[in-house]
Amino acid sequence: MERPRHQGMAKNTYMRWRLPVVCLLWEVAMIVLFGVFVRFGPEADAHWEEEKQEMNLTSDMENDFYFRYPSFQDVHVMIFVGFGFLMTFLKRYGFGAVGFNFLLAAFGIQWALLMQGWFHSFKNGKILIGVENLINADFCVGSVCIAFGAILGKTSPIQLLVMTLFQVTLFSVNEYILLNLLHVKDAGGSMTIHTFGAYFGLTVTRILYRPNLEQSKDKQGSVYHSDLFAMIGTLYLWMYWPSFNSAISEHGDAQHRSAINTYCSLAACVLTTMAFSSMLQKKGKLDMVHIQNATLAGGVAVGTSAEMMLTPYGSLIVGSISGIVSTVGYVYFTPFLESRLHIQDTCGIHNLHAMPGLIGGIVGAITAAAATEDVYGKEGFIKAFDFTGVYQTRTPSVQGGFQAAGIVVSLLMAFAGGAIVGGILKLPIWGDPAAENCFEDEVYWEVPEDEESDVYHMHNPDKPASP
Amino acid sequence: MERPRHQGMAKNTYMRWRLPVVCLLWEVAMIVLFGVFVRFGPEADAHWEEEKQEMNLTSDMENDFYFRYPSFQDVHVMIFVGFGFLMTFLKRYGFGAVGFNFLLAAFGIQWALLMQGWFHSFKNGKILIGVENLINADFCVGSVCIAFGAILGKTSPIQLLVMTLFQVTLFSVNEYILLNLLHVKDAGGSMTIHTFGAYFGLTVTRILYRPNLEQSKDKQGSVYHSDLFAMIGTLYLWMYWPSFNSAISEHGDAQHRSAINTYCSLAACVLTTMAFSSMLQKKGKLDMVHIQNATLAGGVAVGTSAEMMLTPYGSLIVGSISGIVSTVGYVYFTPFLESRLHIQDTCGIHNLHAMPGLIGGIVGAITAAAATEDVYGKEGFIKAFDFTGVYQTRTPSVQGGFQAAGIVVSLLMAFAGGAIVGGILKLPIWGDPAAENCFEDEVYWEVPEDEESDVYHMHNPDKPASP
Amino acid sequence: MERPRHQGMAKNTYMRWRLPVVCLLWEVAMIVLFGVFVRFGPEADAHWEEEKQEMNLTSDMENDFYFRYPSFQDVHVMIFVGFGFLMTFLKRYGFGAVGFNFLLAAFGIQWALLMQGWFHSFKNGKILIGVENLINADFCVGSVCIAFGAILGKTSPIQLLVMTLFQVTLFSVNEYILLNLLHVKDAGGSMTIHTFGAYFGLTVTRILYRPNLEQSKDKQGSVYHSDLFAMIGTLYLWMYWPSFNSAISEHGDAQHRSAINTYCSLAACVLTTMAFSSMLQKKGKLDMVHIQNATLAGGVAVGTSAEMMLTPYGSLIVGSISGIVSTVGYVYFTPFLESRLHIQDTCGIHNLHAMPGLIGGIVGAITAAAATEDVYGKEGFIKAFDFTGVYQTRTPSVQGGFQAAGIVVSLLMAFAGGAIVGGILKLPIWGDPAAENCFEDEVYWEVPEDEESDVYHMHNPDKPASP
């Protein structure tokens, strides 16, 4: 059966040489840079046996691997299955959702190990990596997966790789400014990952505005089973978010507390999302788009404050509010952004990451500003905010101010970076699809015969297959 | 395309105000109660830094977080993906299965943190929570997910929330009686979770008996892909069950042993399930219903005894038997229950949870009664059954008797509680669907256009889309 | 609706008595053998409480359970969901893929606990098991899952059980020769699992060559959603492979290092796979078969060397090469193997496991031969290669030679064993399907009504259901 093929009509989406060249050259570059710079950190190096004795460690359990590896694996699942399947909700873009997410994340983590390594793990000319670096690389790529959500279905794999290259770079710079220069706390990344990633992606999709996108409107929806595939992504993000927010917190009580706060916030978020999803529809029915996305806003919104003494009821409040904001966003803001501001946001990342990310930054600033030695204990207070060295005299309210500054910096970096990268992606050389071929896997993928004709063929064996 | 809509014909299933009001009011109640009662436990509180010194702990590794967090995440997956997807086998109820399970579990874990907290973690007027409380809240909600299986497709989301409210309450009372008053061991919950949850659900569905349910019989089956979605649920339950049964066992050998026993029991269960599935069908073919469900009975049936010295071969025996009982149940008991006892059990929880749960309680009683200091070691014996304080003089055979009493109490609580709650759910105010609209997502969900017309539309672009 | 049924025409595929008898007899045998031989290891036994004092352990954390259980669960997911769903890509063999994988693995892990136990954990007439044994049993079964990939869709469940019985046995012998007699390192199983498993399976499928297999060619492809189900398998294998390769490495730096190397190798592998998938197709489009499989080759190819000081850039090189080799294999070798060598390899295990497995063995031999005390540290060197006792004087280059010998032994065992087992499976008593019924679930499974007629039925309620 020969199917009508549109993709060559308006634009050249032929990937045969462009994609392989980009992938292979960049991988060679990674190998060279890793060869020059990347080595095992002390806890992953075979010298650890001697190191252990020098550090008087009595047990292999003190290796950071055992503190963080289970959380790392959960984060890893969130990036690849979570984000990948969350975006399979489109009826004919499942391959692109899962496959391109796979591609950009696999490249991104390599580049992030380098970029973040230069900023944070550079010693004597080498980047020394351990399990915490793997988590941070996954985190960094998480911000790219978020931005991908805004342009899902409208870009070529090369554009995604180019965006990843630049976004990982900018992410690392922004992260360095926040964590090292402003000495801001952001373990779950409300600012560095969500606010930055989302506004970056929204700016990019604004620059790449497609006035004729309604030509592929029929493909911009879901079908029954694609919505179920998307729920796999949703649930893995939801379930493992406590690991996400606690993965790089300090050992002990901070990791423990982060997980509890996130658990509580997410639980509350589900109830307010369901409530508003039903309330905002005339027929009172629940909308899968909200359930798939807004239920996760609670994880985003405690990203900064989860490791602080937010308290379980504080988490419930934050989660409840973020679920409401996010659901309202899907119903009212997304159409507004598209029609008035020309921001075409395929997955609604403005509702799931941008607004909840801002809430997260603000809640973090407030929680930090409200911290007291009474609540944290004398030593816990210093440990929680790392008020040592040059920061010994910083007060909670000053910390709150710096936290707020971190939001502003993240926003500025996102807008400026997104504008530049959007401009680069607008060049007519990257093989993006024509407006009528958006949200369609056939442009970049070998797509199997459709199920209808298969079923037909199998259960009417006497008849010839459709021509 | 306007589809025929049945749901308004016989019953008012309009959720627009009822569902939001319930969700929001209850979430506000949670916030208030958490604000009054719930605080971080010592290992999640920032004071841990000082606590550690007082307790002479040399390593953050001693924080309970590291003993239990990986198991917690596995249990979390079982509750949300495991139970959620296991119930997606129905051809047109995938949204309801995954989505309502999500809703009730998200509410249930909050309420369970409170209820179980009052009974077990109440100190100086506060409930102090840590990772073990999160696991126990998930466990408690597991019993609600089980009961949901019996009424799947026949209830409104409000009914499910009401049931969750009451069942979590009753679960906590029953758990308190068993664990604290009877001093019974039940780490994997054969009695507290499975027996109680299943007979509670069966009683509820008996009270809610629908004489005309055959009107929606055409929707009470699976399609090819819905059976594959259900297998995702099955496998995650199966794979992570060793974590479930070991999650709250004592540190060290007990957790280790629970995982091994459960692993063995589940492996054996698969073989006997396959054997009987083929044997009990004239054509000798395997039935997906059995593979999806009865393979899990082995996990239920060692829920009480997994942390005891059941031994690997003992686990194989228990797993083998439970697979047989469960499969036979699907073939013979379920039709009998429906036709004779008017118990309409959508997922067959009687076969997967009720009977194996009883087996689990009995095996636990026998294993406890057969315990000797020789087998457990002097100290291991005391530790395994917590024969300290007022229980110092309890003998294994007495313990076996109390274990058996625990089964009886769980059954009585389930029948009484199920009858009352069933009666409440029968009130005509909750918006449950009419008999001909059961097992149909369109009643409560915005359902996307069906795949058939999409495929048609996409591959016949010359023709107009169906009106 | 009565569908045409082919399966009885040419061959007797009736399973009703054969399958149950095999399953039940074998399970009884397992129970008896476990009863005679298998007991809890010291860290899972209730005597651990006393053992701990004798060994002067201050913390329950020193129990091996906490070092390995999270990795075990990841490996468990790889075996059951990873392999199971990876094979669901066929349009009408999803039940068989997931279900038979479930069956053979559940039997295999029991038999592997015995076989590997006799070789490695036998003390005073008993096999003492702990979490490491569970991991090893899963590993052993992994090699059977690999071989299953070659014969997927062409065999009866009984044949799979028979193959499992023999393959687990041969695996254990081969593993004993490599690990104990040759003193070879192979923590991630490039040789013992992948090379052995793949060439064993390829030999079996060669012996079972079906000249008329093109009669079921229409079913040997995927449909849109079956490709997405397969991506669930792919991603879980990809994400958890760092756990696979590090699961049984030495505590501390070796586990840490294995995870990092595997993470890096897999990331690189994705890029070269995407590059070559696009490059080798005239239309330049990506092929789901490559993305589903070749992206995993990087995990296979560092299976032996991941715990050595391969270094991150070394891992990138190995991963890059294996992705290329594997993708080229799918495009050129698989058709060649089928047409010229009569090797019908359903899943292409030659490309995913055989060639990358060989690469892994060779890379391991080179990495071992290149080891120096300078790189590993004096103690690290001895620990990494276990150069103690009778191996105290072994040099790296000699170790490299033994590693190479391990590849040869694994190949010989695979060819010889595969030939014998293939001969046994060729006996006309096992109920395998006729050529025209291959890749078709209806032969061994109760298959629900197809979706087409359901959709038809539901949305045309005025018309009667098709008869």
# chains A, B, ... in the order shown; residues from 1 in each chain; ligands from 1
>>> interface_residues(of="chain B", to="chain C", cutoff="7 Å", atoms="only C-alpha atoms", output="number ranges by chain")
B: 3, 70, 222-224, 235, 239, 251-254, 256-257, 267-268, 270-272, 275-276, 278-279, 283-287, 311-313, 316-317, 376-377, 379-380
>>> closest_residue(among="B:Ile207, B:Cys140, B:Leu178, B:Leu412", to="B:Ile424", atoms="only C-alpha atoms")
B:Ile207
>>> select_by_dssp(residues="stretch 6-137 of chain C", states="strand (DSSP E)", output="VMD selection string")
chain C and resid 38 to 40 122 to 123 126 to 129
>>> atom_distance(atom1="atom CA of C:Asn261", atom2="atom CA of A:Leu128")
13.2 Å
>>> atom_distance(atom1="atom CA of C:Val363", atom2="atom CA of C:Leu337")
25.1 Å
>>> select_by_dssp(residues="stretch 278-450 of chain C", states="helix (DSSP H, G or I)", output="PyMOL selection string")
chain C and resi 278-279+288-301+312-341+349-369+373-376+378-385+389-391+396-426+435-437+441-443
>>> residues_around(residues="C:Pro433", least_positions_apart="4", cutoff="8 Å", atoms="only C-alpha atoms", output="VMD selection string")
chain C and resid 7 11 to 13 154 to 156 437 to 438 443
>>> write_last_selection(atoms="N, CA and C atoms", output="PDB file, in the first residue's frame")
ATOM      1  N   GLN C   7      -4.340 -23.140  13.158  1.00  0.00           N
ATOM      2  CA  GLN C   7      -3.260 -23.793  13.866  1.00  0.00           C
ATOM      3  C   GLN C   7      -3.369 -25.313  13.940  1.00  0.00           C
ATOM      4  N   LYS C  11      -0.048 -29.014  12.253  1.00  0.00           N
ATOM      5  CA  LYS C  11       0.637 -29.540  13.414  1.00  0.00           C
ATOM      6  C   LYS C  11      -0.298 -29.580  14.613  1.00  0.00           C
ATOM      7  N   ASN C  12       0.001 -30.444  15.530  1.00  0.00           N
ATOM      8  CA  ASN C  12      -0.775 -30.530  16.757  1.00  0.00           C
ATOM      9  C   ASN C  12      -0.176 -29.591  17.794  1.00  0.00           C
ATOM     10  N   THR C  13      -0.836 -28.463  18.000  1.00  0.00           N
ATOM     11  CA  THR C  13      -0.322 -27.498  18.979  1.00  0.00           C
ATOM     12  C   THR C  13      -1.140 -27.525  20.273  1.00  0.00           C
ATOM     13  N   LYS C 154       8.248 -18.897  17.006  1.00  0.00           N
ATOM     14  CA  LYS C 154       8.338 -20.132  16.218  1.00  0.00           C
ATOM     15  C   LYS C 154       8.348 -21.385  17.070  1.00  0.00           C
ATOM     16  N   THR C 155       8.124 -21.210  18.369  1.00  0.00           N
ATOM     17  CA  THR C 155       8.262 -22.348  19.274  1.00  0.00           C
ATOM     18  C   THR C 155       7.085 -22.421  20.243  1.00  0.00           C
ATOM     19  N   SER C 156       6.873 -23.603  20.775  1.00  0.00           N
ATOM     20  CA  SER C 156       5.810 -23.786  21.765  1.00  0.00           C
ATOM     21  C   SER C 156       6.364 -23.486  23.155  1.00  0.00           C
ATOM     22  N   ASN C 437       1.549 -20.425  10.948  1.00  0.00           N
ATOM     23  CA  ASN C 437       0.992 -19.935  12.206  1.00  0.00           C
ATOM     24  C   ASN C 437       2.036 -19.354  13.143  1.00  0.00           C
ATOM     25  N   CYS C 438       3.225 -19.174  12.615  1.00  0.00           N
ATOM     26  CA  CYS C 438       4.232 -18.556  13.468  1.00  0.00           C
ATOM     27  C   CYS C 438       3.860 -17.099  13.735  1.00  0.00           C
ATOM     28  N   VAL C 443      -2.429 -19.268  18.536  1.00  0.00           N
ATOM     29  CA  VAL C 443      -2.096 -20.685  18.627  1.00  0.00           C
ATOM     30  C   VAL C 443      -2.105 -21.168  20.080  1.00  0.00           C
TER      31      VAL C 443
END
>>> atom_distance(atom1="atom CA of B:Met308", atom2="atom CA of B:Phe387")
13.8 Å
>>> residues_around(residues="C:Thr203", least_positions_apart="2", cutoff="7 Å", atoms="only C-alpha atoms", output="ChimeraX atom specification")
/C:199-201,205-207,415,418-419
